[in-house]
>>> print(open('coords-v9.cif').read())   # mmCIF, N, CA and C atoms
data_query
#
loop_
_atom_site.label_atom_id
_atom_site.label_comp_id
_atom_site.auth_asym_id
_atom_site.auth_seq_id
_atom_site.Cartn_x
_atom_site.Cartn_y
_atom_site.Cartn_z
N MET Z 26 3.58 21.92 44.87
CA MET Z 26 2.25 22.00 45.46
C MET Z 26 2.16 23.23 46.35
N SER Z 27 0.97 23.72 46.51
CA SER Z 27 0.77 24.89 47.36
C SER Z 27 0.64 24.46 48.81
N ASP Z 28 0.60 25.44 49.71
CA ASP Z 28 0.45 25.16 51.13
C ASP Z 28 -1.01 24.94 51.53
N GLU Z 29 -1.94 25.13 50.61
CA GLU Z 29 -3.35 24.91 50.90
C GLU Z 29 -3.59 23.42 51.14
N THR Z 30 -4.55 23.12 52.01
CA THR Z 30 -4.91 21.73 52.26
C THR Z 30 -5.68 21.21 51.06
N PRO Z 31 -5.17 20.18 50.39
CA PRO Z 31 -5.89 19.62 49.25
C PRO Z 31 -7.20 18.99 49.71
N ILE Z 32 -8.24 19.18 48.90
CA ILE Z 32 -9.55 18.65 49.27
C ILE Z 32 -10.03 17.62 48.25
N CYS Z 33 -10.98 16.84 48.67
CA CYS Z 33 -11.57 15.78 47.86
C CYS Z 33 -12.18 16.36 46.56
N SER Z 34 -12.06 15.60 45.50
CA SER Z 34 -12.60 16.02 44.20
C SER Z 34 -14.08 15.73 44.02
N ALA Z 35 -14.69 15.01 44.96
CA ALA Z 35 -16.12 14.71 44.84
C ALA Z 35 -16.93 16.00 44.91
N LYS Z 36 -17.94 16.08 44.09
CA LYS Z 36 -18.77 17.28 44.02
C LYS Z 36 -19.32 17.66 45.39
N GLY Z 37 -19.05 18.88 45.80
CA GLY Z 37 -19.57 19.41 47.06
C GLY Z 37 -18.81 19.00 48.31
N CYS Z 38 -17.84 18.11 48.18
CA CYS Z 38 -17.10 17.65 49.35
C CYS Z 38 -15.98 18.63 49.68
N ARG Z 39 -15.81 18.93 50.93
CA ARG Z 39 -14.75 19.85 51.38
C ARG Z 39 -13.77 19.15 52.32
N ALA Z 40 -13.84 17.82 52.39
CA ALA Z 40 -12.97 17.04 53.28
C ALA Z 40 -11.54 17.01 52.73
N ALA Z 41 -10.61 16.84 53.64
CA ALA Z 41 -9.20 16.75 53.25
C ALA Z 41 -8.96 15.50 52.40
N ALA Z 42 -8.10 15.64 51.41
CA ALA Z 42 -7.75 14.51 50.54
C ALA Z 42 -6.87 13.52 51.30
N GLU Z 43 -7.20 12.25 51.16
CA GLU Z 43 -6.40 11.18 51.76
C GLU Z 43 -5.83 10.26 50.70
N TRP Z 44 -6.40 10.31 49.51
CA TRP Z 44 -6.03 9.40 48.42
C TRP Z 44 -5.87 10.17 47.11
N VAL Z 45 -5.00 9.66 46.25
CA VAL Z 45 -4.85 10.18 44.89
C VAL Z 45 -5.28 9.07 43.94
N LEU Z 46 -6.20 9.39 43.06
CA LEU Z 46 -6.66 8.46 42.04
C LEU Z 46 -6.03 8.91 40.72
N ALA Z 47 -5.08 8.13 40.24
CA ALA Z 47 -4.39 8.46 38.99
C ALA Z 47 -5.16 7.79 37.85
N TRP Z 48 -5.42 8.56 36.80
CA TRP Z 48 -6.22 8.03 35.70
C TRP Z 48 -5.78 8.66 34.39
N ASN Z 49 -6.26 8.06 33.31
CA ASN Z 49 -6.13 8.69 32.01
C ASN Z 49 -7.20 8.14 31.08
N ASN Z 50 -7.60 8.98 30.16
CA ASN Z 50 -8.59 8.60 29.15
C ASN Z 50 -7.79 8.26 27.89
N PRO Z 51 -7.73 6.97 27.54
CA PRO Z 51 -6.90 6.58 26.40
C PRO Z 51 -7.32 7.19 25.06
N LYS Z 52 -8.54 7.69 24.97
CA LYS Z 52 -8.97 8.35 23.74
C LYS Z 52 -8.45 9.77 23.63
N VAL Z 53 -7.99 10.32 24.77
CA VAL Z 53 -7.55 11.71 24.81
C VAL Z 53 -6.08 11.85 25.19
N HIS Z 54 -5.60 11.00 26.09
CA HIS Z 54 -4.26 11.14 26.65
C HIS Z 54 -3.30 10.08 26.14
N THR Z 55 -2.03 10.42 26.11
CA THR Z 55 -1.00 9.44 25.79
C THR Z 55 -0.95 8.43 26.94
N PRO Z 56 -0.48 7.19 26.68
CA PRO Z 56 -0.49 6.15 27.72
C PRO Z 56 0.23 6.51 29.02
N GLU Z 57 1.29 7.28 28.94
CA GLU Z 57 2.05 7.62 30.15
C GLU Z 57 1.46 8.80 30.94
N ARG Z 58 0.55 9.53 30.34
CA ARG Z 58 -0.06 10.69 31.00
C ARG Z 58 -0.93 10.25 32.16
N ARG Z 59 -0.84 10.94 33.29
CA ARG Z 59 -1.68 10.66 34.44
C ARG Z 59 -2.35 11.93 34.92
N LYS Z 60 -3.66 11.92 34.90
CA LYS Z 60 -4.46 12.98 35.51
C LYS Z 60 -4.74 12.50 36.93
N THR Z 61 -5.12 13.41 37.82
CA THR Z 61 -5.38 12.98 39.19
C THR Z 61 -6.66 13.59 39.74
N TRP Z 62 -7.33 12.79 40.51
CA TRP Z 62 -8.43 13.24 41.36
C TRP Z 62 -8.00 12.95 42.77
N LEU Z 63 -8.44 13.77 43.69
CA LEU Z 63 -8.18 13.54 45.10
C LEU Z 63 -9.45 13.02 45.75
N ALA Z 64 -9.28 12.18 46.76
CA ALA Z 64 -10.45 11.60 47.42
C ALA Z 64 -10.26 11.55 48.93
N CYS Z 65 -11.34 11.82 49.64
CA CYS Z 65 -11.36 11.59 51.09
C CYS Z 65 -11.69 10.11 51.28
N ALA Z 66 -11.63 9.63 52.51
CA ALA Z 66 -11.94 8.22 52.78
C ALA Z 66 -13.37 7.87 52.36
N ALA Z 67 -14.30 8.79 52.57
CA ALA Z 67 -15.70 8.53 52.26
C ALA Z 67 -15.99 8.42 50.76
N HIS Z 68 -15.21 9.09 49.93
CA HIS Z 68 -15.47 9.11 48.49
C HIS Z 68 -14.49 8.29 47.65
N ARG Z 69 -13.50 7.70 48.29
CA ARG Z 69 -12.50 6.93 47.54
C ARG Z 69 -13.15 5.86 46.67
N GLU Z 70 -14.00 5.05 47.24
CA GLU Z 70 -14.60 3.94 46.50
C GLU Z 70 -15.51 4.44 45.37
N HIS Z 71 -16.33 5.44 45.65
CA HIS Z 71 -17.23 5.98 44.64
C HIS Z 71 -16.46 6.54 43.44
N LEU Z 72 -15.45 7.35 43.70
CA LEU Z 72 -14.68 7.94 42.61
C LEU Z 72 -13.88 6.86 41.87
N SER Z 73 -13.36 5.88 42.60
CA SER Z 73 -12.63 4.77 41.96
C SER Z 73 -13.56 3.99 41.03
N GLN Z 74 -14.77 3.72 41.48
CA GLN Z 74 -15.73 2.99 40.64
C GLN Z 74 -16.10 3.80 39.40
N PHE Z 75 -16.31 5.10 39.58
CA PHE Z 75 -16.65 5.96 38.45
C PHE Z 75 -15.58 5.88 37.36
N LEU Z 76 -14.32 5.99 37.76
CA LEU Z 76 -13.22 5.91 36.80
C LEU Z 76 -13.01 4.48 36.30
N GLY Z 77 -13.18 3.52 37.19
CA GLY Z 77 -12.94 2.12 36.84
C GLY Z 77 -13.88 1.58 35.78
N VAL Z 78 -15.16 1.88 35.88
CA VAL Z 78 -16.12 1.35 34.89
C VAL Z 78 -15.86 1.92 33.50
N ARG Z 79 -15.18 3.04 33.43
CA ARG Z 79 -14.84 3.64 32.15
C ARG Z 79 -13.47 3.17 31.64
N GLY Z 80 -12.77 2.39 32.47
CA GLY Z 80 -11.44 1.92 32.09
C GLY Z 80 -10.37 2.99 32.22
N PHE Z 81 -10.63 4.03 33.01
CA PHE Z 81 -9.70 5.14 33.15
C PHE Z 81 -8.76 5.00 34.34
N LEU Z 82 -9.18 4.32 35.40
CA LEU Z 82 -8.42 4.27 36.64
C LEU Z 82 -7.14 3.47 36.44
N LYS Z 83 -6.00 4.07 36.82
CA LYS Z 83 -4.70 3.42 36.68
C LYS Z 83 -4.09 3.05 38.03
N ASP Z 84 -4.33 3.88 39.06
CA ASP Z 84 -3.70 3.63 40.36
C ASP Z 84 -4.41 4.42 41.44
N VAL Z 85 -4.40 3.88 42.66
CA VAL Z 85 -4.90 4.57 43.84
C VAL Z 85 -3.79 4.54 44.87
N VAL Z 86 -3.35 5.73 45.29
CA VAL Z 86 -2.18 5.85 46.16
C VAL Z 86 -2.52 6.76 47.34
N PRO Z 87 -2.05 6.43 48.55
CA PRO Z 87 -2.24 7.37 49.66
C PRO Z 87 -1.67 8.74 49.30
N PHE Z 88 -2.37 9.79 49.67
CA PHE Z 88 -1.97 11.14 49.30
C PHE Z 88 -0.54 11.47 49.73
N GLU Z 89 -0.18 11.14 50.96
CA GLU Z 89 1.16 11.47 51.45
C GLU Z 89 2.25 10.74 50.66
N GLU Z 90 1.98 9.51 50.24
CA GLU Z 90 2.93 8.76 49.42
C GLU Z 90 3.11 9.44 48.06
N TRP Z 91 1.99 9.87 47.46
CA TRP Z 91 2.03 10.56 46.16
C TRP Z 91 2.80 11.88 46.28
N ARG Z 92 2.53 12.63 47.34
CA ARG Z 92 3.21 13.90 47.57
C ARG Z 92 4.71 13.68 47.73
N ALA Z 93 5.10 12.69 48.50
CA ALA Z 93 6.53 12.40 48.71
C ALA Z 93 7.21 12.03 47.40
N ALA Z 94 6.53 11.23 46.56
CA ALA Z 94 7.10 10.85 45.27
C ALA Z 94 7.26 12.06 44.36
N GLU Z 95 6.26 12.96 44.36
CA GLU Z 95 6.35 14.17 43.54
C GLU Z 95 7.48 15.08 44.01
N GLU Z 96 7.62 15.21 45.32
CA GLU Z 96 8.66 16.09 45.87
C GLU Z 96 10.06 15.52 45.60
N SER Z 97 10.17 14.19 45.53
CA SER Z 97 11.48 13.57 45.28
C SER Z 97 11.78 13.49 43.79
N GLY Z 98 10.78 13.82 42.97
CA GLY Z 98 10.96 13.79 41.52
C GLY Z 98 10.79 12.41 40.92
N ALA Z 99 10.24 11.49 41.67
CA ALA Z 99 10.05 10.12 41.17
C ALA Z 99 8.91 10.03 40.19
#
>>> encode(input="coords-v9.cif", output="structure tokens")
Amino acid sequence: MSDETPICSAKGCRAAAEWVLAWNNPKVHTPERRKTWLACAAHREHLSQFLGVRGFLKDVVPFEEWRAAEESGA
């Protein structure tokens, strides 16, 4: 990861990311593939619902926990 502060994926939002929404589109991605969106506290629920109604949402994890797992290679 870069040293830049990660920001929320919601359109027009510039807030710092607090959550990682892991998802995949089963029509496009293999089952183990995980794409990610970042969310601030204000947009977590909205982005989760957007992915959830499509059946894409797989996990919601605090950003720091996700970063630690990536850095440890988990």
>>> residues_around(input="coords-v9.cif", residues="stretch 64-81 of chain Z", least_positions_apart="4", cutoff="8 Å", atoms="all atoms listed in the file", output="MDAnalysis selection string")
chainID Z and resid 31:35 40:51 85 88
>>> atom_distance(input="coords-v9.cif", atom1="atom C of Z:Ser97", atom2="atom CA of Z:Arg59")
16.6 Å
>>> select_by_dssp(input="coords-v9.cif", residues="chain Z", states="strand (DSSP E)", output="list in words")
Trp44, Val45, Leu46, Ala47, Trp48, Lys60, Thr61, Trp62, Leu63, Ala64, Leu82, Lys83, Asp84, Val85, Val86 and Pro87 of chain Z
>>> atom_distance(input="coords-v9.cif", atom1="atom CA of Z:Cys38", atom2="atom CA of Z:Glu90")
21.9 Å
>>> select_by_dssp(input="coords-v9.cif", residues="chain Z", states="alpha helix (DSSP H)", output="JSON, numbers by chain")
{"Z": [69, 70, 71, 72, 73, 74, 75, 76, 77, 78, 88, 89, 90, 91, 92, 93, 94, 95, 96, 97]}
>>> decode(input="coords-v9.cif", residues="stretch 57-69 of chain Z", atoms="all heavy atoms", output="mmCIF file, in the first residue's frame")
data_model
loop_
_atom_site.group_PDB
_atom_site.id
_atom_site.type_symbol
_atom_site.label_atom_id
_atom_site.label_comp_id
_atom_site.auth_asym_id
_atom_site.auth_seq_id
_atom_site.Cartn_x
_atom_site.Cartn_y
_atom_site.Cartn_z
ATOM 1 N N GLU Z 57 -12.942 -17.212 -5.179
ATOM 2 C CA GLU Z 57 -11.966 -16.749 -4.185
ATOM 3 C C GLU Z 57 -11.508 -15.299 -4.394
ATOM 4 O O GLU Z 57 -10.909 -14.697 -3.516
ATOM 5 C CB GLU Z 57 -10.740 -17.672 -4.138
ATOM 6 C CG GLU Z 57 -9.898 -17.690 -5.387
ATOM 7 C CD GLU Z 57 -10.437 -18.586 -6.506
ATOM 8 O OE1 GLU Z 57 -11.410 -19.339 -6.298
ATOM 9 O OE2 GLU Z 57 -9.873 -18.510 -7.612
ATOM 10 N N ARG Z 58 -11.806 -14.730 -5.538
ATOM 11 C CA ARG Z 58 -11.391 -13.354 -5.842
ATOM 12 C C ARG Z 58 -12.139 -12.363 -4.972
ATOM 13 O O ARG Z 58 -13.341 -12.500 -4.760
ATOM 14 C CB ARG Z 58 -11.673 -13.058 -7.316
ATOM 15 C CG ARG Z 58 -11.456 -11.628 -7.756
ATOM 16 C CD ARG Z 58 -10.028 -11.390 -8.206
ATOM 17 N NE ARG Z 58 -9.751 -9.998 -8.436
ATOM 18 C CZ ARG Z 58 -9.862 -9.368 -9.597
ATOM 19 N NH1 ARG Z 58 -10.243 -10.022 -10.670
ATOM 20 N NH2 ARG Z 58 -9.554 -8.096 -9.698
ATOM 21 N N ARG Z 59 -11.439 -11.377 -4.440
ATOM 22 C CA ARG Z 59 -12.066 -10.327 -3.656
ATOM 23 C C ARG Z 59 -11.654 -8.967 -4.177
ATOM 24 O O ARG Z 59 -10.474 -8.642 -4.225
ATOM 25 C CB ARG Z 59 -11.693 -10.423 -2.172
ATOM 26 C CG ARG Z 59 -12.260 -11.634 -1.468
ATOM 27 C CD ARG Z 59 -13.772 -11.570 -1.384
ATOM 28 N NE ARG Z 59 -14.333 -12.723 -0.706
ATOM 29 C CZ ARG Z 59 -14.786 -13.812 -1.323
ATOM 30 N NH1 ARG Z 59 -14.731 -13.920 -2.633
ATOM 31 N NH2 ARG Z 59 -15.301 -14.792 -0.629
ATOM 32 N N LYS Z 60 -12.630 -8.202 -4.596
ATOM 33 C CA LYS Z 60 -12.435 -6.799 -4.946
ATOM 34 C C LYS Z 60 -12.730 -6.022 -3.667
ATOM 35 O O LYS Z 60 -13.363 -6.545 -2.757
ATOM 36 C CB LYS Z 60 -13.405 -6.380 -6.045
ATOM 37 C CG LYS Z 60 -13.348 -7.213 -7.306
ATOM 38 C CD LYS Z 60 -12.239 -6.809 -8.213
ATOM 39 C CE LYS Z 60 -12.622 -5.508 -8.886
ATOM 40 N NZ LYS Z 60 -11.622 -4.970 -9.763
ATOM 41 N N THR Z 61 -12.274 -4.779 -3.586
ATOM 42 C CA THR Z 61 -12.529 -4.016 -2.366
ATOM 43 C C THR Z 61 -12.997 -2.604 -2.671
ATOM 44 O O THR Z 61 -12.577 -1.996 -3.653
ATOM 45 C CB THR Z 61 -11.277 -3.921 -1.472
ATOM 46 O OG1 THR Z 61 -10.201 -3.355 -2.210
ATOM 47 C CG2 THR Z 61 -10.865 -5.278 -0.948
ATOM 48 N N TRP Z 62 -13.894 -2.153 -1.841
ATOM 49 C CA TRP Z 62 -14.276 -0.756 -1.770
ATOM 50 C C TRP Z 62 -13.927 -0.301 -0.375
ATOM 51 O O TRP Z 62 -13.998 -1.086 0.573
ATOM 52 C CB TRP Z 62 -15.770 -0.577 -1.982
ATOM 53 C CG TRP Z 62 -16.239 -0.616 -3.398
ATOM 54 C CD1 TRP Z 62 -15.480 -0.749 -4.522
ATOM 55 C CD2 TRP Z 62 -17.585 -0.525 -3.838
ATOM 56 N NE1 TRP Z 62 -16.270 -0.744 -5.622
ATOM 57 C CE2 TRP Z 62 -17.581 -0.605 -5.232
ATOM 58 C CE3 TRP Z 62 -18.793 -0.384 -3.192
ATOM 59 C CZ2 TRP Z 62 -18.731 -0.551 -6.002
ATOM 60 C CZ3 TRP Z 62 -19.953 -0.329 -3.947
ATOM 61 C CH2 TRP Z 62 -19.923 -0.408 -5.338
ATOM 62 N N LEU Z 63 -13.570 0.949 -0.247
ATOM 63 C CA LEU Z 63 -13.297 1.528 1.060
ATOM 64 C C LEU Z 63 -14.479 2.403 1.449
ATOM 65 O O LEU Z 63 -15.116 3.007 0.592
ATOM 66 C CB LEU Z 63 -12.017 2.358 1.009
ATOM 67 C CG LEU Z 63 -10.760 1.607 0.553
ATOM 68 C CD1 LEU Z 63 -9.574 2.559 0.494
ATOM 69 C CD2 LEU Z 63 -10.477 0.427 1.449
ATOM 70 N N ALA Z 64 -14.747 2.471 2.751
ATOM 71 C CA ALA Z 64 -15.884 3.267 3.214
ATOM 72 C C ALA Z 64 -15.532 4.035 4.480
ATOM 73 O O ALA Z 64 -14.836 3.519 5.348
ATOM 74 C CB ALA Z 64 -17.078 2.369 3.486
ATOM 75 N N CYS Z 65 -16.044 5.251 4.551
ATOM 76 C CA CYS Z 65 -15.981 6.018 5.795
ATOM 77 C C CYS Z 65 -17.167 5.551 6.644
ATOM 78 O O CYS Z 65 -18.036 4.811 6.166
ATOM 79 C CB CYS Z 65 -16.048 7.515 5.514
ATOM 80 S SG CYS Z 65 -17.607 8.069 4.786
ATOM 81 N N ALA Z 66 -17.238 6.010 7.881
ATOM 82 C CA ALA Z 66 -18.340 5.611 8.758
ATOM 83 C C ALA Z 66 -19.694 6.029 8.176
ATOM 84 O O ALA Z 66 -20.671 5.275 8.269
ATOM 85 C CB ALA Z 66 -18.142 6.212 10.145
ATOM 86 N N ALA Z 67 -19.750 7.194 7.550
ATOM 87 C CA ALA Z 67 -21.013 7.702 7.019
ATOM 88 C C ALA Z 67 -21.530 6.912 5.815
ATOM 89 O O ALA Z 67 -22.731 6.848 5.585
ATOM 90 C CB ALA Z 67 -20.856 9.176 6.632
ATOM 91 N N HIS Z 68 -20.645 6.289 5.042
ATOM 92 C CA HIS Z 68 -21.058 5.586 3.825
ATOM 93 C C HIS Z 68 -20.999 4.063 3.929
ATOM 94 O O HIS Z 68 -21.362 3.370 2.972
ATOM 95 C CB HIS Z 68 -20.212 6.056 2.634
ATOM 96 C CG HIS Z 68 -20.521 7.443 2.223
ATOM 97 N ND1 HIS Z 68 -19.634 8.477 2.376
ATOM 98 C CD2 HIS Z 68 -21.650 7.982 1.685
ATOM 99 C CE1 HIS Z 68 -20.194 9.593 1.932
ATOM 100 N NE2 HIS Z 68 -21.418 9.321 1.521
ATOM 101 N N ARG Z 69 -20.556 3.544 5.056
ATOM 102 C CA ARG Z 69 -20.435 2.086 5.203
ATOM 103 C C ARG Z 69 -21.750 1.383 4.902
ATOM 104 O O ARG Z 69 -21.797 0.439 4.112
ATOM 105 C CB ARG Z 69 -19.959 1.741 6.603
ATOM 106 C CG ARG Z 69 -19.943 0.256 6.856
ATOM 107 C CD ARG Z 69 -19.644 -0.073 8.293
ATOM 108 N NE ARG Z 69 -19.838 -1.489 8.506
ATOM 109 C CZ ARG Z 69 -19.875 -2.040 9.686
ATOM 110 N NH1 ARG Z 69 -19.707 -1.312 10.762
ATOM 111 N NH2 ARG Z 69 -20.064 -3.330 9.804
#
